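Novice: You'll find run10.csv just under this line, and it carries CSV, N, CA and C atoms.
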chain,number,residue,atom,x,y,z
A,159,MET,N,194.7,100.4,140.7
A,159,MET,CA,193.8,101.1,141.6
A,159,MET,C,194.0,102.6,141.5
A,160,PHE,N,193.7,103.3,142.6
A,160,PHE,CA,193.7,104.8,142.6
A,160,PHE,C,195.2,105.3,142.5
A,161,THR,N,195.3,106.4,141.8
A,161,THR,CA,196.6,107.0,141.6
A,161,THR,C,196.8,108.4,142.2
A,162,SER,N,195.6,109.0,142.5
A,162,SER,CA,195.7,110.4,143.1
A,162,SER,C,194.3,110.8,143.5
A,163,ILE,N,194.3,111.9,144.2
A,163,ILE,CA,193.0,112.6,144.5
A,163,ILE,C,193.0,113.8,143.6
A,164,THR,N,192.0,113.9,142.8
A,164,THR,CA,192.0,115.0,141.8
A,164,THR,C,191.1,116.1,142.2
A,165,HIS,N,190.0,115.8,143.0
A,165,HIS,CA,189.0,116.8,143.4
A,165,HIS,C,188.6,116.6,144.8
A,166,SER,N,188.5,117.7,145.6
A,166,SER,CA,187.8,117.7,146.9
A,166,SER,C,186.7,118.7,146.8
A,167,GLN,N,185.7,118.6,147.7
A,167,GLN,CA,184.6,119.5,147.6
A,167,GLN,C,184.3,120.1,149.0
A,168,ILE,N,183.9,121.4,149.0
A,168,ILE,CA,183.4,122.0,150.2
A,168,ILE,C,182.2,122.8,149.7
A,169,TYR,N,181.2,123.0,150.7
A,169,TYR,CA,180.0,123.7,150.4
A,169,TYR,C,180.3,125.2,150.7
A,170,VAL,N,179.7,126.0,149.8
A,170,VAL,CA,179.7,127.5,150.0
A,170,VAL,C,178.3,128.0,149.6
A,171,LEU,N,177.9,129.1,150.3
A,171,LEU,CA,176.5,129.6,150.0
A,171,LEU,C,176.5,130.5,148.8
A,172,ASP,N,177.6,131.1,148.5
A,172,ASP,CA,177.6,132.1,147.3
A,172,ASP,C,178.9,131.8,146.6
A,173,GLN,N,178.8,131.4,145.4
A,173,GLN,CA,180.0,131.0,144.6
A,173,GLN,C,180.8,132.3,144.2
A,174,ASP,N,180.2,133.4,144.0
A,174,ASP,CA,181.0,134.6,143.6
A,174,ASP,C,181.7,135.1,144.9
A,175,GLU,N,181.1,135.0,146.0
A,175,GLU,CA,181.8,135.4,147.3
A,175,GLU,C,182.9,134.4,147.5
A,176,ALA,N,182.7,133.2,147.3
A,176,ALA,CA,183.8,132.2,147.4
A,176,ALA,C,185.0,132.5,146.5
A,177,LEU,N,184.7,132.9,145.3
A,177,LEU,CA,185.8,133.3,144.3
A,177,LEU,C,186.6,134.4,144.9
A,178,ASP,N,185.9,135.4,145.4
A,178,ASP,CA,186.5,136.6,146.0
A,178,ASP,C,187.5,136.2,147.1
A,179,PHE,N,187.0,135.3,147.9
A,179,PHE,CA,187.8,134.8,149.1
A,179,PHE,C,189.0,133.9,148.6
A,180,TYR,N,188.6,132.9,147.9
A,180,TYR,CA,189.7,131.9,147.6
A,180,TYR,C,190.7,132.4,146.6
A,181,VAL,N,190.2,133.1,145.6
A,181,VAL,CA,191.1,133.7,144.6
A,181,VAL,C,191.7,135.0,145.0
A,182,GLY,N,190.8,136.0,145.4
A,182,GLY,CA,191.2,137.3,145.7
A,182,GLY,C,192.0,137.4,147.0
A,183,LYS,N,191.7,136.7,148.0
A,183,LYS,CA,192.4,136.8,149.3
A,183,LYS,C,193.4,135.7,149.5
A,184,LEU,N,193.0,134.5,149.2
A,184,LEU,CA,194.0,133.4,149.5
A,184,LEU,C,195.0,133.2,148.4
A,185,GLY,N,194.7,133.7,147.2
A,185,GLY,CA,195.6,133.6,146.1
A,185,GLY,C,195.6,132.3,145.2
A,186,LEU,N,194.5,131.5,145.4
A,186,LEU,CA,194.3,130.3,144.6
A,186,LEU,C,193.9,130.8,143.2
A,187,GLU,N,193.9,129.9,142.2
A,187,GLU,CA,193.4,130.2,140.9
A,187,GLU,C,192.3,129.4,140.4
A,188,VAL,N,191.4,130.0,139.6
A,188,VAL,CA,190.3,129.3,139.0
A,188,VAL,C,190.8,128.2,138.1
A,189,SER,N,190.4,127.0,138.3
A,189,SER,CA,190.7,125.9,137.3
A,189,SER,C,189.6,125.6,136.4
A,190,ALA,N,188.3,125.8,136.9
A,190,ALA,CA,187.2,125.6,136.0
A,190,ALA,C,186.0,126.5,136.5
A,191,ASP,N,185.3,127.1,135.6
A,191,ASP,CA,184.1,127.8,136.0
A,191,ASP,C,183.1,127.6,134.8
A,192,VAL,N,182.3,126.6,135.0
A,192,VAL,CA,181.4,126.1,133.9
A,192,VAL,C,180.0,126.1,134.3
A,193,ASP,N,179.1,126.8,133.5
A,193,ASP,CA,177.7,126.7,133.7
A,193,ASP,C,177.2,125.4,133.1
A,194,MET,N,176.8,124.5,133.9
A,194,MET,CA,176.3,123.2,133.4
A,194,MET,C,174.8,123.2,133.2
A,195,GLY,N,174.2,124.3,133.4
A,195,GLY,CA,172.7,124.4,133.3
A,195,GLY,C,172.1,124.0,134.7
A,196,PHE,N,172.3,122.9,135.2
A,196,PHE,CA,171.7,122.4,136.4
A,196,PHE,C,172.6,122.8,137.6
A,197,MET,N,173.8,123.3,137.4
A,197,MET,CA,174.7,123.7,138.5
A,197,MET,C,175.9,124.4,137.8
A,198,ARG,N,176.6,125.2,138.7
A,198,ARG,CA,177.8,125.8,138.3
A,198,ARG,C,179.0,125.0,138.8
A,199,TRP,N,179.8,124.5,137.9
A,199,TRP,CA,181.0,123.7,138.3
A,199,TRP,C,182.2,124.7,138.5
A,200,LEU,N,182.5,125.0,139.7
A,200,LEU,CA,183.5,126.0,140.0
A,200,LEU,C,184.6,125.4,140.9
A,201,THR,N,185.8,125.3,140.3
A,201,THR,CA,186.9,124.7,141.0
A,201,THR,C,188.1,125.7,141.1
A,202,VAL,N,188.8,125.6,142.1
A,202,VAL,CA,190.0,126.4,142.3
A,202,VAL,C,191.2,125.4,142.6
A,203,SER,N,192.4,125.9,142.4
A,203,SER,CA,193.6,125.1,142.8
A,203,SER,C,194.7,126.0,143.2
A,204,VAL,N,195.7,125.4,143.8
A,204,VAL,CA,196.9,126.1,144.2
A,204,VAL,C,197.7,126.4,142.9
A,205,PRO,N,198.2,127.6,142.7
A,205,PRO,CA,199.0,127.9,141.5
A,205,PRO,C,200.2,126.9,141.5
A,206,GLY,N,200.4,126.4,140.3
A,206,GLY,CA,201.5,125.4,140.1
A,206,GLY,C,201.1,124.0,140.5
A,207,ASP,N,199.9,123.8,140.9
A,207,ASP,CA,199.5,122.4,141.3
A,207,ASP,C,198.1,122.1,140.6
A,208,PRO,N,198.2,122.0,139.3
A,208,PRO,CA,196.9,121.8,138.6
A,208,PRO,C,196.3,120.4,138.7
A,209,GLY,N,196.9,119.5,139.4
A,209,GLY,CA,196.3,118.2,139.5
A,209,GLY,C,195.4,118.0,140.6
A,210,ARG,N,195.2,119.0,141.5
A,210,ARG,CA,194.3,118.9,142.6
A,210,ARG,C,193.3,120.1,142.7
A,211,HIS,N,192.1,119.8,142.6
A,211,HIS,CA,191.1,120.9,142.5
A,211,HIS,C,190.1,120.9,143.7
A,212,ILE,N,189.6,122.0,144.1
A,212,ILE,CA,188.6,122.1,145.2
A,212,ILE,C,187.4,122.6,144.5
A,213,LEU,N,186.3,121.8,144.6
A,213,LEU,CA,185.0,122.2,144.1
A,213,LEU,C,184.3,123.1,145.1
A,214,LEU,N,184.0,124.3,144.7
A,214,LEU,CA,183.3,125.2,145.6
A,214,LEU,C,181.8,125.1,145.2
A,215,GLU,N,181.1,124.2,145.9
A,215,GLU,CA,179.7,123.8,145.5
A,215,GLU,C,178.7,124.4,146.4
A,216,ARG,N,177.7,125.0,145.7
A,216,ARG,CA,176.5,125.5,146.4
A,216,ARG,C,175.6,124.3,146.6
A,217,PRO,N,175.2,124.0,147.9
A,217,PRO,CA,174.3,122.9,148.1
A,217,PRO,C,173.0,122.9,147.3
A,218,GLY,N,172.7,121.9,146.5
A,218,GLY,CA,171.5,121.9,145.7
A,218,GLY,C,171.6,120.7,144.8
A,219,PRO,N,170.5,120.7,144.0
A,219,PRO,CA,170.5,119.6,142.9
A,219,PRO,C,171.7,119.7,142.0
A,220,PRO,N,172.2,118.7,141.4
A,220,PRO,CA,171.6,117.4,141.4
A,220,PRO,C,172.1,116.5,142.5
A,221,SER,N,173.1,116.9,143.3
A,221,SER,CA,173.6,116.0,144.3
A,221,SER,C,172.7,115.9,145.6
A,222,LEU,N,171.9,117.0,145.8
A,222,LEU,CA,171.0,117.0,146.9
A,222,LEU,C,169.6,117.4,146.5
A,223,ALA,N,168.6,116.8,147.0
A,223,ALA,CA,167.2,117.2,146.8
A,223,ALA,C,167.1,118.6,147.4
A,224,GLU,N,166.2,119.4,146.8
A,224,GLU,CA,166.1,120.8,147.3
A,224,GLU,C,165.8,120.9,148.7
A,225,GLU,N,164.9,120.1,149.3
A,225,GLU,CA,164.6,120.2,150.7
A,225,GLU,C,165.8,119.9,151.6
A,226,THR,N,166.6,118.9,151.2
A,226,THR,CA,167.8,118.6,151.9
A,226,THR,C,168.9,119.7,151.7
A,227,ALA,N,169.0,120.2,150.5
A,227,ALA,CA,169.9,121.3,150.2
A,227,ALA,C,169.6,122.5,151.1
A,228,GLU,N,168.3,122.8,151.3
A,228,GLU,CA,167.9,124.0,152.2
A,228,GLU,C,168.4,123.7,153.6
A,229,GLN,N,168.3,122.5,154.1
A,229,GLN,CA,168.7,122.1,155.4
A,229,GLN,C,170.2,122.3,155.5
A,230,VAL,N,170.9,121.8,154.5
A,230,VAL,CA,172.4,122.0,154.5
A,230,VAL,C,172.8,123.4,154.5
A,231,ARG,N,172.1,124.3,153.7
A,231,ARG,CA,172.4,125.7,153.6
A,231,ARG,C,172.2,126.4,155.0
A,232,GLU,N,171.1,125.9,155.7
A,232,GLU,CA,170.8,126.5,157.0
A,232,GLU,C,171.9,126.1,158.0
A,233,LEU,N,172.3,124.8,158.0
A,233,LEU,CA,173.4,124.4,158.9
A,233,LEU,C,174.7,125.2,158.6
A,234,LEU,N,175.0,125.4,157.3
A,234,LEU,CA,176.2,126.2,156.9
A,234,LEU,C,176.1,127.6,157.5
A,235,THR,N,175.0,128.2,157.4
A,235,THR,CA,174.8,129.5,157.9
A,235,THR,C,175.0,129.6,159.4
A,236,LYS,N,174.7,128.5,160.1
A,236,LYS,CA,174.9,128.4,161.6
A,236,LYS,C,176.4,128.0,161.9
A,237,GLY,N,177.2,127.7,160.9
A,237,GLY,CA,178.5,127.3,161.2
A,237,GLY,C,178.7,125.9,161.6
A,238,ALA,N,177.6,125.1,161.4
A,238,ALA,CA,177.6,123.7,161.8
A,238,ALA,C,178.0,122.7,160.7
A,239,MET,N,178.4,123.1,159.6
A,239,MET,CA,178.5,122.2,158.5
A,239,MET,C,179.8,122.4,157.7
A,240,GLY,N,180.7,123.1,158.3
A,240,GLY,CA,181.9,123.4,157.5
A,240,GLY,C,182.8,122.2,157.2
A,241,GLY,N,183.5,122.3,156.0
A,241,GLY,CA,184.5,121.3,155.6
A,241,GLY,C,185.8,121.7,156.1
A,242,HIS,N,186.9,121.0,155.7
A,242,HIS,CA,188.2,121.3,156.2
A,242,HIS,C,189.2,121.2,155.0
A,243,LEU,N,190.1,122.2,155.0
A,243,LEU,CA,191.2,122.2,154.0
A,243,LEU,C,192.5,122.4,154.8
A,244,VAL,N,193.5,121.8,154.3
A,244,VAL,CA,194.8,122.0,154.9
A,244,VAL,C,195.8,122.2,153.7
A,245,PHE,N,196.5,123.4,153.8
A,245,PHE,CA,197.4,123.8,152.7
A,245,PHE,C,198.8,123.7,153.3
A,246,GLY,N,199.8,123.3,152.5
A,246,GLY,CA,201.2,123.4,152.8
A,246,GLY,C,201.8,124.7,152.4
A,247,VAL,N,202.6,125.3,153.2
A,247,VAL,CA,203.3,126.6,152.9
A,247,VAL,C,204.8,126.4,153.2
A,248,ASP,N,205.6,127.3,152.6
A,248,ASP,CA,207.0,127.3,152.9
A,248,ASP,C,207.3,128.1,154.2
A,249,ASP,N,206.6,129.2,154.4
A,249,ASP,CA,206.8,130.0,155.5
A,249,ASP,C,205.5,130.4,156.1
A,250,CYS,N,205.1,129.8,157.2
A,250,CYS,CA,203.8,130.0,157.8
A,250,CYS,C,203.6,131.4,158.3
A,251,ARG,N,204.6,132.0,159.0
A,251,ARG,CA,204.5,133.3,159.5
A,251,ARG,C,204.4,134.4,158.4
A,252,LYS,N,205.1,134.2,157.3
A,252,LYS,CA,205.0,135.2,156.2
A,252,LYS,C,203.7,135.1,155.5
A,253,THR,N,203.2,133.8,155.3
A,253,THR,CA,201.9,133.6,154.7
A,253,THR,C,200.8,134.3,155.6
A,254,TYR,N,200.9,134.1,156.9
A,254,TYR,CA,200.0,134.7,157.9
A,254,TYR,C,199.9,136.2,157.7
A,255,GLU,N,201.1,136.8,157.7
A,255,GLU,CA,201.2,138.3,157.5
A,255,GLU,C,200.6,138.8,156.2
A,256,THR,N,200.9,138.1,155.1
A,256,THR,CA,200.4,138.4,153.8
A,256,THR,C,198.8,138.3,153.8
A,257,LEU,N,198.3,137.3,154.3
A,257,LEU,CA,196.8,137.1,154.3
A,257,LEU,C,196.2,138.1,155.3
A,258,ARG,N,196.8,138.4,156.4
A,258,ARG,CA,196.2,139.4,157.3
A,258,ARG,C,196.2,140.7,156.6
A,259,GLY,N,197.2,141.0,155.8
A,259,GLY,CA,197.2,142.3,155.1
A,259,GLY,C,196.1,142.4,154.0
A,260,ARG,N,195.6,141.2,153.6
A,260,ARG,CA,194.5,141.1,152.6
A,260,ARG,C,193.2,141.1,153.3
A,261,GLY,N,193.1,141.2,154.7
A,261,GLY,CA,191.9,141.3,155.4
A,261,GLY,C,191.4,140.0,155.9
A,262,VAL,N,192.2,138.9,155.8
A,262,VAL,CA,191.7,137.6,156.2
A,262,VAL,C,191.7,137.6,157.8
A,263,GLU,N,190.7,137.1,158.4
A,263,GLU,CA,190.6,137.0,159.8
A,263,GLU,C,190.9,135.6,160.2
A,264,PHE,N,191.7,135.5,161.3
A,264,PHE,CA,192.2,134.2,161.7
A,264,PHE,C,191.6,133.7,163.0
A,265,THR,N,191.5,132.4,163.1
A,265,THR,CA,191.0,131.8,164.4
A,265,THR,C,192.2,131.3,165.2
A,266,GLU,N,193.4,131.2,164.6
A,266,GLU,CA,194.6,130.9,165.4
A,266,GLU,C,195.8,131.4,164.6
A,267,GLU,N,196.6,132.1,165.4
A,267,GLU,CA,197.9,132.7,164.8
A,267,GLU,C,198.9,131.5,164.6
A,268,PRO,N,199.9,131.8,163.9
A,268,PRO,CA,201.0,130.7,163.7
A,268,PRO,C,201.4,130.2,165.1
A,269,THR,N,201.4,128.9,165.2
A,269,THR,CA,201.8,128.2,166.4
A,269,THR,C,202.7,127.1,166.2
A,270,GLU,N,203.7,126.9,167.0
A,270,GLU,CA,204.7,125.8,166.9
A,270,GLU,C,204.0,124.5,167.3
A,271,ARG,N,204.1,123.5,166.5
A,271,ARG,CA,203.5,122.2,166.8
A,271,ARG,C,204.6,121.1,166.7
A,272,PRO,N,204.4,119.9,167.1
A,272,PRO,CA,205.4,118.9,166.9
A,272,PRO,C,205.8,118.6,165.5
A,273,TYR,N,204.8,118.9,164.6
A,273,TYR,CA,205.0,118.6,163.1
A,273,TYR,C,205.5,119.9,162.4
A,274,GLY,N,205.5,121.0,163.0
A,274,GLY,CA,205.9,122.3,162.3
A,274,GLY,C,205.1,123.5,162.9
A,275,ILE,N,204.9,124.4,162.0
A,275,ILE,CA,204.2,125.6,162.4
A,275,ILE,C,202.9,125.7,161.6
A,276,ASP,N,201.8,126.0,162.2
A,276,ASP,CA,200.5,126.2,161.5
A,276,ASP,C,199.7,127.3,162.0
A,277,ALA,N,198.7,127.7,161.2
A,277,ALA,CA,197.8,128.7,161.6
A,277,ALA,C,196.4,128.3,161.0
A,278,ALA,N,195.3,128.9,161.5
A,278,ALA,CA,194.0,128.5,161.2
A,278,ALA,C,193.1,129.7,160.9
A,279,LEU,N,192.1,129.5,160.0
A,279,LEU,CA,191.1,130.6,159.7
A,279,LEU,C,189.9,129.8,159.3
A,280,ARG,N,188.8,130.6,159.1
A,280,ARG,CA,187.6,130.1,158.5
A,280,ARG,C,187.2,130.9,157.3
A,281,ASP,N,186.7,130.3,156.3
A,281,ASP,CA,186.2,131.0,155.1
A,281,ASP,C,184.8,131.7,155.5
A,282,PRO,N,184.3,132.5,154.6
A,282,PRO,CA,183.0,133.2,154.9
A,282,PRO,C,181.8,132.2,155.2
A,283,PHE,N,182.0,130.9,154.9
A,283,PHE,CA,180.9,130.0,155.0
A,283,PHE,C,181.1,129.0,156.2
A,284,GLY,N,182.1,129.2,157.0
A,284,GLY,CA,182.4,128.3,158.1
A,284,GLY,C,183.3,127.2,157.9
A,285,ASN,N,183.9,127.1,156.7
A,285,ASN,CA,184.8,126.0,156.4
A,285,ASN,C,186.2,126.3,157.1
A,286,SER,N,186.7,125.3,157.7
A,286,SER,CA,188.0,125.4,158.4
A,286,SER,C,189.2,125.3,157.5
A,287,ILE,N,190.1,126.2,157.6
A,287,ILE,CA,191.3,126.2,156.7
A,287,ILE,C,192.5,126.3,157.6
A,288,ARG,N,193.5,125.4,157.4
A,288,ARG,CA,194.7,125.5,158.1
A,288,ARG,C,195.8,125.5,157.1
A,289,PHE,N,196.9,126.2,157.4
A,289,PHE,CA,198.1,126.0,156.5
A,289,PHE,C,199.3,125.8,157.4
A,290,THR,N,200.1,124.8,156.9
A,290,THR,CA,201.2,124.2,157.7
A,290,THR,C,202.5,124.3,157.0
A,291,GLN,N,203.5,124.7,157.8
A,291,GLN,CA,204.9,124.7,157.4
A,291,GLN,C,205.5,123.5,158.1
A,292,GLN,N,205.9,122.5,157.3
A,292,GLN,CA,206.4,121.2,157.9
A,292,GLN,C,207.7,121.5,158.6
A,293,GLY,N,207.9,120.9,159.8
A,293,GLY,CA,209.1,121.2,160.6
A,293,GLY,C,210.1,120.2,160.4
Please express the file's structure as structure tokens.

Specialist:
Amino acid sequence: MFTSITHSQIYVLDQDEALDFYVGKLGLEVSADVDMGFMRWLTVSVPGDPGRHILLERPGPPSLAEETAEQVRELLTKGAMGGHLVFGVDDCRKTYETLRGRGVEFTEEPTERPYGIDAALRDPFGNSIRFTQQG
């Protein structure tokens, strides 16, 4: 049966802007950037973890009909369609300070939880991102 999760997907409205955010600000690395003709296959991954990729997909064909894709893009613009990512970190407060220094805006500062310390932010497209230091 299944042995791992290799790819997850989130919607973004602009893949170049997504690259700037996920690579330039969050420090992920590009694992694939392929023009497939009908779509751009753009994935990023955590450095040192090449087995798990995040597909930064612009809503559209072939996975969605154009009419549906337009509706999804409209919902994204309104902040009603965001996905969720949770990253593990060694030091939540240090990561928070590093990302704040890069201009990342947070929705929640590092907070003590029963499971550890975590913080939250949103990407430019409304996707929710948390990073957690296990306690």

Novice: Out of stretch 168-208 of chain A, which residues get helix (DSSP H, G or I) from DSSP, as a list in words?

Specialist: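 Those in stretch 168-208 of chain A that DSSP calls helix (DSSP H, G or I) are Gln173, Asp174, Glu175, Ala176, Leu177, Asp178, Phe179, Tyr180, Val181, Gly182 and Lys183 of chain A.
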
Novice: Could you list, as a list in words, every residue within 6.5 Å of stretch 175-184 of chain A, counting all atoms listed in the file and ignoring same-chain residues fewer than 4 positions away?

Specialist: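 Residues near the query, excluding close chain neighbours: Val188, Leu257 and Arg260 of chain A.
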
Novice: Counting only C-alpha atoms, which residue out of A:Gln291, A:Ser221, A:Thr201, A:Gln229 sits closest to A:Cys250?

Specialist: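 With only C-alpha atoms as the atom set, the closest residue is A:Gln291.
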
Novice: So which residues touch A:Ala238 within 7 Å, counting only N, CA and C atoms, skipping near sequence neighbours fewer than 5 positions away, as a list of chain:residue names?

Specialist: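 Residues near the query, excluding close chain neighbours: A:Glu232, A:Leu233, A:Gly284.
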
Novice: For A:Arg288, which residue among A:Gly246, A:Pro205, A:Pro272, A:Gly261 is the nearest when counting all atoms listed in the file?

Specialist: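 Closest candidate: A:Gly246.
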
Novice: Just the number, please: distance in Å from atom N of A:Asp207 to atom N of A:Glu187, one decimal.

Specialist: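 Straight-line distance from atom N of A:Asp207 to atom N of A:Glu187 works out to 8.7 Å.
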
Novice: What does the distance between atom CA of A:Thr269 and atom N of A:Val202 come to in Å, to one decimal place?

Specialist: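 Pair atom CA of A:Thr269 / atom N of A:Val202 returns 27.7 Å.
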
Novice: Report, in Å with one decimal, the straight-line distance from atom CA of A:Leu186 to atom CA of A:Glu270.

Specialist: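 Answer for the atom CA of A:Leu186 to atom CA of A:Glu270 separation: 25.0 Å.
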
Novice: My list of candidates is A:Gly218, A:Gly185, A:Thr256, A:Asp248. Which is closest to A:Ser203 when distances are computed with only N, CA and C atoms?

Specialist: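 Smallest distance to A:Ser203 is found for A:Gly185.
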
Novice: Between A:Thr253, A:Val244, A:Gly259, A:Glu266, single out the one closest to A:Phe289, counting only C-alpha atoms.

Specialist: A:Val244

Novice: Find the spatial neighbours of A:Gly195, counting only C-alpha atoms, within a cut-off of 12 Å - ignore same-chain residues fewer than 4 positions away - and output them as a list in words.

Specialist: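 Once the adjacent positions are removed, what remains is Trp199, Pro219 and Pro220 of chain A.
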
Novice: Please, which residues in stretch 187-229 of chain A fall within 9 Å of stretch 160-169 of chain A when counting only C-alpha atoms, and what is the closest atom pair and distance in Å to one decimal for each, ordered by chain then residue number, as CSV?

Specialist:
residue,atom,partner,partner_atom,distance
A:Thr201,CA,A:His165,CA,8.5
A:Pro208,CA,A:Thr164,CA,9.0
A:Gly209,CA,A:Thr164,CA,5.8
A:Arg210,CA,A:Thr164,CA,4.6
A:His211,CA,A:His165,CA,4.7
A:Ile212,CA,A:Ser166,CA,4.8
A:Leu213,CA,A:Gln167,CA,4.4
A:Leu214,CA,A:Ile168,CA,5.6
A:Glu215,CA,A:Tyr169,CA,4.9
A:Arg216,CA,A:Tyr169,CA,5.6
A:Pro217,CA,A:Tyr169,CA,6.2

Novice: Restricted to N, CA and C atoms, what would the selected residues look like written as a short mmCIF file (atom, residue, chain, number, x, y, z; two decimals), in the frame of the given file?

Specialist:
data_model
loop_
_atom_site.label_atom_id
_atom_site.label_comp_id
_atom_site.auth_asym_id
_atom_site.auth_seq_id
_atom_site.Cartn_x
_atom_site.Cartn_y
_atom_site.Cartn_z
N THR A 201 185.80 125.30 140.30
CA THR A 201 186.90 124.70 141.00
C THR A 201 188.10 125.70 141.10
N PRO A 208 198.20 122.00 139.30
CA PRO A 208 196.90 121.80 138.60
C PRO A 208 196.30 120.40 138.70
N GLY A 209 196.90 119.50 139.40
CA GLY A 209 196.30 118.20 139.50
C GLY A 209 195.40 118.00 140.60
N ARG A 210 195.20 119.00 141.50
CA ARG A 210 194.30 118.90 142.60
C ARG A 210 193.30 120.10 142.70
N HIS A 211 192.10 119.80 142.60
CA HIS A 211 191.10 120.90 142.50
C HIS A 211 190.10 120.90 143.70
N ILE A 212 189.60 122.00 144.10
CA ILE A 212 188.60 122.10 145.20
C ILE A 212 187.40 122.60 144.50
N LEU A 213 186.30 121.80 144.60
CA LEU A 213 185.00 122.20 144.10
C LEU A 213 184.30 123.10 145.10
N LEU A 214 184.00 124.30 144.70
CA LEU A 214 183.30 125.20 145.60
C LEU A 214 181.80 125.10 145.20
N GLU A 215 181.10 124.20 145.90
CA GLU A 215 179.70 123.80 145.50
C GLU A 215 178.70 124.40 146.40
N ARG A 216 177.70 125.00 145.70
CA ARG A 216 176.50 125.50 146.40
C ARG A 216 175.60 124.30 146.60
N PRO A 217 175.20 124.00 147.90
CA PRO A 217 174.30 122.90 148.10
C PRO A 217 173.00 122.90 147.30
#

Novice: Leaving out A:Gly241 and any residue of its chain fewer than 2 positions from it, which residues lie within 5 Å of it when counting all atoms listed in the file, given as a list of chain:residue names?

Specialist: A:Met239, A:Leu243, A:Asn285, A:Ser286

Novice: Those residues you just picked out, can you put them in a file as a PDB file, keeping the file's coordinate frame with N, CA and C atoms?

Specialist:
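Output below, filename result-v8.pdb:
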ATOM      1  N   MET A 239     178.400 123.100 159.600  1.00  0.00           N
ATOM      2  CA  MET A 239     178.500 122.200 158.500  1.00  0.00           C
ATOM      3  C   MET A 239     179.800 122.400 157.700  1.00  0.00           C
ATOM      4  N   LEU A 243     190.100 122.200 155.000  1.00  0.00           N
ATOM      5  CA  LEU A 243     191.200 122.200 154.000  1.00  0.00           C
ATOM      6  C   LEU A 243     192.500 122.400 154.800  1.00  0.00           C
ATOM      7  N   ASN A 285     183.900 127.100 156.700  1.00  0.00           N
ATOM      8  CA  ASN A 285     184.800 126.000 156.400  1.00  0.00           C
ATOM      9  C   ASN A 285     186.200 126.300 157.100  1.00  0.00           C
ATOM     10  N   SER A 286     186.700 125.300 157.700  1.00  0.00           N
ATOM     11  CA  SER A 286     188.000 125.400 158.400  1.00  0.00           C
ATOM     12  C   SER A 286     189.200 125.300 157.500  1.00  0.00           C
TER      13      SER A 286
END

Novice: Check the smallest atom-to-atom distance from each of A:Ile275, A:Val192, A:Val204, A:Met159 to A:Asp249 using only C-alpha atoms, then report the winner.

Specialist: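 Closest candidate: A:Ile275.
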
Novice: Show which residues sit within 8 Å of A:Tyr273, as number ranges by chain. Count all atoms listed in the file, and ignore same-chain residues fewer than 6 positions away.

Specialist: A: 290-293

Novice: Could you save those same residues with N, CA and C atoms as a PDB file, in the coordinates of the input?

Specialist:
ATOM      1  N   THR A 290     200.100 124.800 156.900  1.00  0.00           N
ATOM      2  CA  THR A 290     201.200 124.200 157.700  1.00  0.00           C
ATOM      3  C   THR A 290     202.500 124.300 157.000  1.00  0.00           C
ATOM      4  N   GLN A 291     203.500 124.700 157.800  1.00  0.00           N
ATOM      5  CA  GLN A 291     204.900 124.700 157.400  1.00  0.00           C
ATOM      6  C   GLN A 291     205.500 123.500 158.100  1.00  0.00           C
ATOM      7  N   GLN A 292     205.900 122.500 157.300  1.00  0.00           N
ATOM      8  CA  GLN A 292     206.400 121.200 157.900  1.00  0.00           C
ATOM      9  C   GLN A 292     207.700 121.500 158.600  1.00  0.00           C
ATOM     10  N   GLY A 293     207.900 120.900 159.800  1.00  0.00           N
ATOM     11  CA  GLY A 293     209.100 121.200 160.600  1.00  0.00           C
ATOM     12  C   GLY A 293     210.100 120.200 160.400  1.00  0.00           C
TER      13      GLY A 293
END

Novice: Since the input is missing atoms for stretch 263-270 of chain A, could you rebuild it with N, CA, C and O atoms and give the result as a compact mmCIF listing (two decimals), keeping the file's coordinate frame?

Specialist:
# COMPACT_ATOMS: atom_id res chain seq x y z
N GLU A 263 190.70 137.10 158.40
CA GLU A 263 190.60 137.00 159.80
C GLU A 263 190.90 135.60 160.20
O GLU A 263 190.45 134.60 159.64
N PHE A 264 191.70 135.50 161.30
CA PHE A 264 192.20 134.20 161.70
C PHE A 264 191.60 133.70 163.00
O PHE A 264 191.19 134.50 163.84
N THR A 265 191.50 132.40 163.10
CA THR A 265 191.00 131.80 164.40
C THR A 265 192.20 131.30 165.20
O THR A 265 192.01 131.07 166.43
N GLU A 266 193.40 131.20 164.60
CA GLU A 266 194.60 130.90 165.40
C GLU A 266 195.80 131.40 164.60
O GLU A 266 195.98 131.18 163.45
N GLU A 267 196.60 132.10 165.40
CA GLU A 267 197.90 132.70 164.80
C GLU A 267 198.90 131.50 164.60
O GLU A 267 198.69 130.44 165.18
N PRO A 268 199.90 131.80 163.90
CA PRO A 268 201.00 130.70 163.70
C PRO A 268 201.40 130.20 165.10
O PRO A 268 201.76 130.96 165.98
N THR A 269 201.40 128.90 165.20
CA THR A 269 201.80 128.20 166.40
C THR A 269 202.70 127.10 166.20
O THR A 269 202.54 126.29 165.22
N GLU A 270 203.70 126.90 167.00
CA GLU A 270 204.70 125.80 166.90
C GLU A 270 204.00 124.50 167.30
O GLU A 270 203.30 124.50 168.38
